[in-house]
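**Student:** There's a structure below that I have some questions on.
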Amino acid sequence: MLMKCENVRQLLAEYRSDILSPRKNREIEEHIAACSDCARELNEFDAVMALVESNVPDYTPPQGLWNGVYNKITSPEQPVPVFGKIQQWLRIPIHAAGVGAAALAIVVGLFFSPVHQSPGSDLRMTTADNRYIQAHAYSVSQSPLADRAGYVSLITFSQESEDEQTH
Amino acid sequence: MAKEGLVTYVDNDLVRRIREGDVTAFEELFARHQRRVYNICLQILNNEAEAADVTQDVFVKAYKSIKSLKSDAAFVGWLKTLAVNMCRDALRKRVRTASVQSLDKLIETGDGDCLQREIEDWSHNPERSMDKRETCKIVQKAISSLSLDYREVVVLFYVDGAEVNEIAKTLNSPVGTIKSRLARARAELKRKLAHLVET
C-alpha cells in the first residue's frame, strides 16, 4: 500500500471527477481495495453526490415573465441621449462627470483670464481696436432697450485710451 | 438521444424564424427554456426576484442579439452563457445594494417544484415527506454557500444536467479547469452534507 489514507481521502473528489493521471487512479484503486476505511469514505462521497443529484432544486418560474419580455422586445427603442452615451462609455457616475467638467472649466477659465497675465504683458488695445469698439458701442446704443449711459462711458473710455496711445 | 436531437431540430427552426422577425417563435422558445434559465439564475443568485428579473433580461438580450449567434444549433449553450454572465453582472451590482433574500423563504412557502414534486412522491408518508423537505433545503443551502466559481459549475452540472465539456464552453474555460472546480466543489459539498448520509 503506497499511498497513505489521508492522501487518498484528499483525492477522492479528484478521483471521481476524472482529473487524476491513470497511475494515480490505479494507486487509489489499489489502496481502496485493501483499506476498508477509505472504501467507506469513497462510498460516503458517492452517497453525498447521489443525494445532491436527487435533491437538486427545480422551481417553476413565476407567472408573467413572458409579458415583461414581450413588452421590452416590442416597444420601440428609446434613443440614448448623447451625454448618456458618453457617460456609458466612460462608465462614471453623473455627479463625478459634473464635478470633473466644472473643475476643468475653472482651470481653463483661470488660465485664459486676464488676471492670469503677468503685469508686464501687453494688454493695451490698438487704435484700430478702440475705433472698432467705439463704432460698435455707438451703433448698439441706438437701440431703444440699450443701456445708453453704459455705452457712452465705453465710448469715452476707448477715446481716452486712444488719446493716450497717440500722445 | 433522439429526443435531444428533436429538441435541437425544433430549436433550430424556431431560431431561424426569430431571425426573420417572428415574435411568436420567440415566445415558443421562451416557453421551452425559461424554466432552465430561471433555475440557473435562481441557484446562482439565490434570490427569487433577482432571478426573475435576470431571466427576463437574458431573453430580451437573446432576442435583440440573436443575429450575432453564429450557429442556430448553439442556441441553448449561448442562452446559458448569457444567463451566467448576466448573473455575474447582477452579483456585481448587488455589492452596491446588498439585498439578499434567502431561498429559505421560497422553500418554506412551498413554491418550488422540488417541494411540489416531493409532496406528490411522498404524500403517503408525512414523516418521510418532512425528511425530504429538509434534505432539499439543506442541499440547496450547501450549493448556495459555495463560492461563485464552484457554484456556477455545480449549478450547470447538477441543476442543468450539463456535461463537463458543455460547461467548459458555456463558461468559456478549459475542460481541465471545470473538472478541477467540480472536484473541489464536490469535496466541499461532501464536507457540508456527509452528516445526511449513513454508510
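FYI, nothing fancy with the C-alpha cells labels: chains A, B, ... in order, residues from 1 per chain, ligands from 1 as they appear.
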Would you mind listing what lies within 9 Å of A:Val48 as a tab-separated table (two decimals) with N, CA and C atoms, in the first residue's frame, with only C-alpha atoms counted and same-chain residues fewer than 2 positions away left out?
**Tutor:**
chain	number	residue	atom	x	y	z
A	43	ASN	N	-17.52	5.44	-0.47
A	43	ASN	CA	-18.97	5.18	-0.51
A	43	ASN	C	-19.75	6.39	0.00
A	44	GLU	N	-19.21	6.99	1.04
A	44	GLU	CA	-19.88	8.17	1.61
A	44	GLU	C	-19.87	9.32	0.60
A	45	PHE	N	-18.74	9.49	-0.06
A	45	PHE	CA	-18.65	10.54	-1.09
A	45	PHE	C	-19.70	10.30	-2.18
A	46	ASP	N	-19.76	9.05	-2.66
A	46	ASP	CA	-20.74	8.73	-3.71
A	46	ASP	C	-22.17	8.96	-3.23
A	50	ALA	N	-24.95	11.43	-4.80
A	50	ALA	CA	-26.27	10.92	-5.21
A	50	ALA	C	-27.38	11.72	-4.53
A	51	LEU	N	-27.13	12.08	-3.29
A	51	LEU	CA	-28.10	12.88	-2.52
A	51	LEU	C	-28.29	14.26	-3.19
A	52	VAL	N	-27.18	14.87	-3.58
A	52	VAL	CA	-27.26	16.18	-4.24
A	52	VAL	C	-28.04	16.03	-5.55
A	53	GLU	N	-27.69	15.00	-6.30
A	53	GLU	CA	-28.32	14.80	-7.61
A	53	GLU	C	-29.83	14.58	-7.48
B	186	ARG	N	-17.31	19.47	-5.23
B	186	ARG	CA	-17.84	18.21	-4.70
B	186	ARG	C	-17.25	17.89	-3.33
B	189	LEU	N	-19.00	20.05	-0.93
B	189	LEU	CA	-20.37	19.56	-0.69
B	189	LEU	C	-20.34	18.32	0.20
B	190	LYS	N	-19.35	17.50	-0.04
B	190	LYS	CA	-19.24	16.27	0.77
B	190	LYS	C	-19.01	16.64	2.24
B	193	LEU	N	-22.32	17.99	3.64
B	193	LEU	CA	-23.52	17.15	3.62
B	193	LEU	C	-23.30	15.70	4.10
B	194	ALA	N	-22.08	15.39	4.51
B	194	ALA	CA	-21.78	14.00	4.89
B	194	ALA	C	-22.68	13.52	6.03
B	196	LEU	N	-25.67	13.80	6.35
B	196	LEU	CA	-27.00	13.38	5.89
B	196	LEU	C	-27.02	11.93	5.39
B	197	VAL	N	-25.86	11.38	5.15
B	197	VAL	CA	-25.83	10.00	4.61
B	197	VAL	C	-25.25	9.04	5.64
**Student:** Any idea what's packed within 7 Å of stretch 70-85 of chain B, counting only C-alpha atoms, ignoring anything in its chain fewer than 6 positions away? Could you give it as a list in words?
**Tutor:**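 With the cut-off at 7 Å, the set is Thr8, Asn12, Val15, Val37, Cys41, Val58, Ala62, Thr170 and Leu171 of chain B.
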**Student:** Could you write out that same residue set with N, CA and C atoms as a PDB file, in the first residue's frame?
**Tutor:**
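Okay, out33.pdb is ready:
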ATOM      1  N   THR B   8     -33.178  19.898 -30.471  1.00  0.00           N
ATOM      2  CA  THR B   8     -32.272  20.777 -31.209  1.00  0.00           C
ATOM      3  C   THR B   8     -32.875  21.181 -32.543  1.00  0.00           C
ATOM      4  N   ASN B  12     -33.692  24.903 -33.659  1.00  0.00           N
ATOM      5  CA  ASN B  12     -33.092  25.488 -34.868  1.00  0.00           C
ATOM      6  C   ASN B  12     -34.147  26.165 -35.726  1.00  0.00           C
ATOM      7  N   VAL B  15     -35.258  29.332 -34.031  1.00  0.00           N
ATOM      8  CA  VAL B  15     -34.227  30.378 -34.135  1.00  0.00           C
ATOM      9  C   VAL B  15     -34.252  30.984 -35.537  1.00  0.00           C
ATOM     10  N   VAL B  37     -33.429  28.481 -17.618  1.00  0.00           N
ATOM     11  CA  VAL B  37     -32.713  29.738 -17.352  1.00  0.00           C
ATOM     12  C   VAL B  37     -33.044  30.249 -15.951  1.00  0.00           C
ATOM     13  N   CYS B  41     -30.400  30.863 -12.900  1.00  0.00           N
ATOM     14  CA  CYS B  41     -30.290  32.188 -12.274  1.00  0.00           C
ATOM     15  C   CYS B  41     -30.602  32.117 -10.779  1.00  0.00           C
ATOM     16  N   VAL B  58     -32.192  38.112 -19.776  1.00  0.00           N
ATOM     17  CA  VAL B  58     -31.467  37.143 -20.615  1.00  0.00           C
ATOM     18  C   VAL B  58     -32.217  36.950 -21.937  1.00  0.00           C
ATOM     19  N   ALA B  62     -31.146  37.978 -25.618  1.00  0.00           N
ATOM     20  CA  ALA B  62     -31.071  36.909 -26.625  1.00  0.00           C
ATOM     21  C   ALA B  62     -31.826  37.326 -27.892  1.00  0.00           C
ATOM     22  N   THR B 170     -19.786  26.828 -22.097  1.00  0.00           N
ATOM     23  CA  THR B 170     -20.678  27.854 -21.539  1.00  0.00           C
ATOM     24  C   THR B 170     -19.899  28.907 -20.760  1.00  0.00           C
ATOM     25  N   LEU B 171     -18.925  28.436 -19.961  1.00  0.00           N
ATOM     26  CA  LEU B 171     -18.173  29.367 -19.122  1.00  0.00           C
ATOM     27  C   LEU B 171     -16.899  29.858 -19.795  1.00  0.00           C
TER      28      LEU B 171
END
**Student:** Pick out the residues sitting within 9 Å of stretch 48-56 of chain B, and hand them over as a list of chain:residue names; count only C-alpha atoms, and ignore anything fewer than 5 positions along from it in its own chain.
**Tutor:**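 Selected residues are A:Pro61, A:Pro62, A:Leu65, A:Trp66, A:Gly68, A:Val69, B:Gln34, B:Val37, B:Tyr38, B:Asn39, B:Ile40, B:Cys41, B:Leu42, B:Gln43, B:Lys61, B:Ala83, B:Met86, B:Cys87, B:Ala90, B:Gln101, B:Ser102, B:Leu103, B:Leu106.
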**Student:** Identify every residue of chain A that has at least one atom within 12 Å of any atom of chain B, counting only C-alpha atoms, and report the result as number ranges by chain.
**Tutor:** A: 9-20, 36-75, 77
**Student:** For the atom pair atom CA of A:Ala128 and atom CA of A:Ala149, what is the interatomic distance in Å to one decimal place?
**Tutor:**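 These atoms are spaced 23.0 Å apart.
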**Student:** Could you pull the residues within 8 Å of A:Arg131, counting only C-alpha atoms, minus those fewer than 4 positions along the same chain, as number ranges by chain?
**Tutor:** A: 127, 135, 158
**Student:** Write out the residues from the selection above, keeping C-alpha atoms, as an mmCIF file, in the first residue's frame.
**Tutor:**
data_model
loop_
_atom_site.group_PDB
_atom_site.id
_atom_site.type_symbol
_atom_site.label_atom_id
_atom_site.label_comp_id
_atom_site.auth_asym_id
_atom_site.auth_seq_id
_atom_site.Cartn_x
_atom_site.Cartn_y
_atom_site.Cartn_z
ATOM 1 C CA THR A 127 -6.041 102.301 -32.108
ATOM 2 C CA ALA A 135 -18.265 102.268 -33.624
ATOM 3 C CA SER A 158 -11.992 103.981 -25.567
#
**Student:** Going by DSSP on the backbone, which bits of stretch 138-193 of chain B are alpha helix (DSSP H)? Write them as a ChimeraX atom specification, please.
**Tutor:** /B:138-144,148-154,164-171,175-193
**Student:** Save out the residues we just selected, C-alpha atoms, as an mmCIF file, in the first residue's frame.
**Tutor:**
data_model
loop_
_atom_site.group_PDB
_atom_site.id
_atom_site.type_symbol
_atom_site.label_atom_id
_atom_site.label_comp_id
_atom_site.auth_asym_id
_atom_site.auth_seq_id
_atom_site.Cartn_x
_atom_site.Cartn_y
_atom_site.Cartn_z
ATOM 1 C CA ILE B 138 -30.058 21.615 3.221
ATOM 2 C CA VAL B 139 -28.726 20.630 -0.236
ATOM 3 C CA GLN B 140 -29.857 23.948 -1.600
ATOM 4 C CA LYS B 141 -28.167 25.844 1.197
ATOM 5 C CA ALA B 142 -24.982 23.879 0.642
ATOM 6 C CA ILE B 143 -24.977 24.734 -3.078
ATOM 7 C CA SER B 144 -25.715 28.405 -2.451
ATOM 8 C CA LEU B 148 -19.292 31.753 -7.269
ATOM 9 C CA ASP B 149 -16.775 29.791 -9.378
ATOM 10 C CA TYR B 150 -17.785 26.498 -7.796
ATOM 11 C CA ARG B 151 -21.473 27.386 -7.653
ATOM 12 C CA GLU B 152 -21.646 28.099 -11.386
ATOM 13 C CA VAL B 153 -20.128 24.712 -12.207
ATOM 14 C CA VAL B 154 -22.288 22.829 -9.705
ATOM 15 C CA VAL B 164 -18.307 18.945 -18.353
ATOM 16 C CA ASN B 165 -17.396 19.751 -21.982
ATOM 17 C CA GLU B 166 -20.591 21.727 -22.392
ATOM 18 C CA ILE B 167 -19.966 23.631 -19.142
ATOM 19 C CA ALA B 168 -16.478 24.480 -20.373
ATOM 20 C CA LYS B 169 -17.997 26.024 -23.488
ATOM 21 C CA THR B 170 -20.678 27.854 -21.539
ATOM 22 C CA LEU B 171 -18.173 29.367 -19.122
ATOM 23 C CA VAL B 175 -12.202 21.492 -19.584
ATOM 24 C CA GLY B 176 -9.443 20.856 -17.046
ATOM 25 C CA THR B 177 -10.394 23.981 -15.098
ATOM 26 C CA ILE B 178 -14.035 22.924 -14.996
ATOM 27 C CA LYS B 179 -13.158 19.405 -13.847
ATOM 28 C CA SER B 180 -10.911 20.835 -11.174
ATOM 29 C CA ARG B 181 -13.606 23.261 -9.949
ATOM 30 C CA LEU B 182 -16.172 20.492 -9.974
ATOM 31 C CA ALA B 183 -13.874 18.255 -7.908
ATOM 32 C CA ARG B 184 -13.266 20.975 -5.321
ATOM 33 C CA ALA B 185 -16.937 21.867 -5.206
ATOM 34 C CA ARG B 186 -17.836 18.206 -4.697
ATOM 35 C CA ALA B 187 -15.287 17.902 -1.911
ATOM 36 C CA GLU B 188 -16.855 20.930 -0.247
ATOM 37 C CA LEU B 189 -20.368 19.558 -0.688
ATOM 38 C CA LYS B 190 -19.240 16.273 0.770
ATOM 39 C CA ARG B 191 -17.877 18.059 3.855
ATOM 40 C CA LYS B 192 -21.107 20.007 4.273
ATOM 41 C CA LEU B 193 -23.521 17.146 3.621
#
**Student:** Rounded to one decimal place, report the atom CA of A:Gln134-atom CA of A:Ile155 distance in Å.
**Tutor:**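 Distance reported for this atom pair: 5.0 Å.
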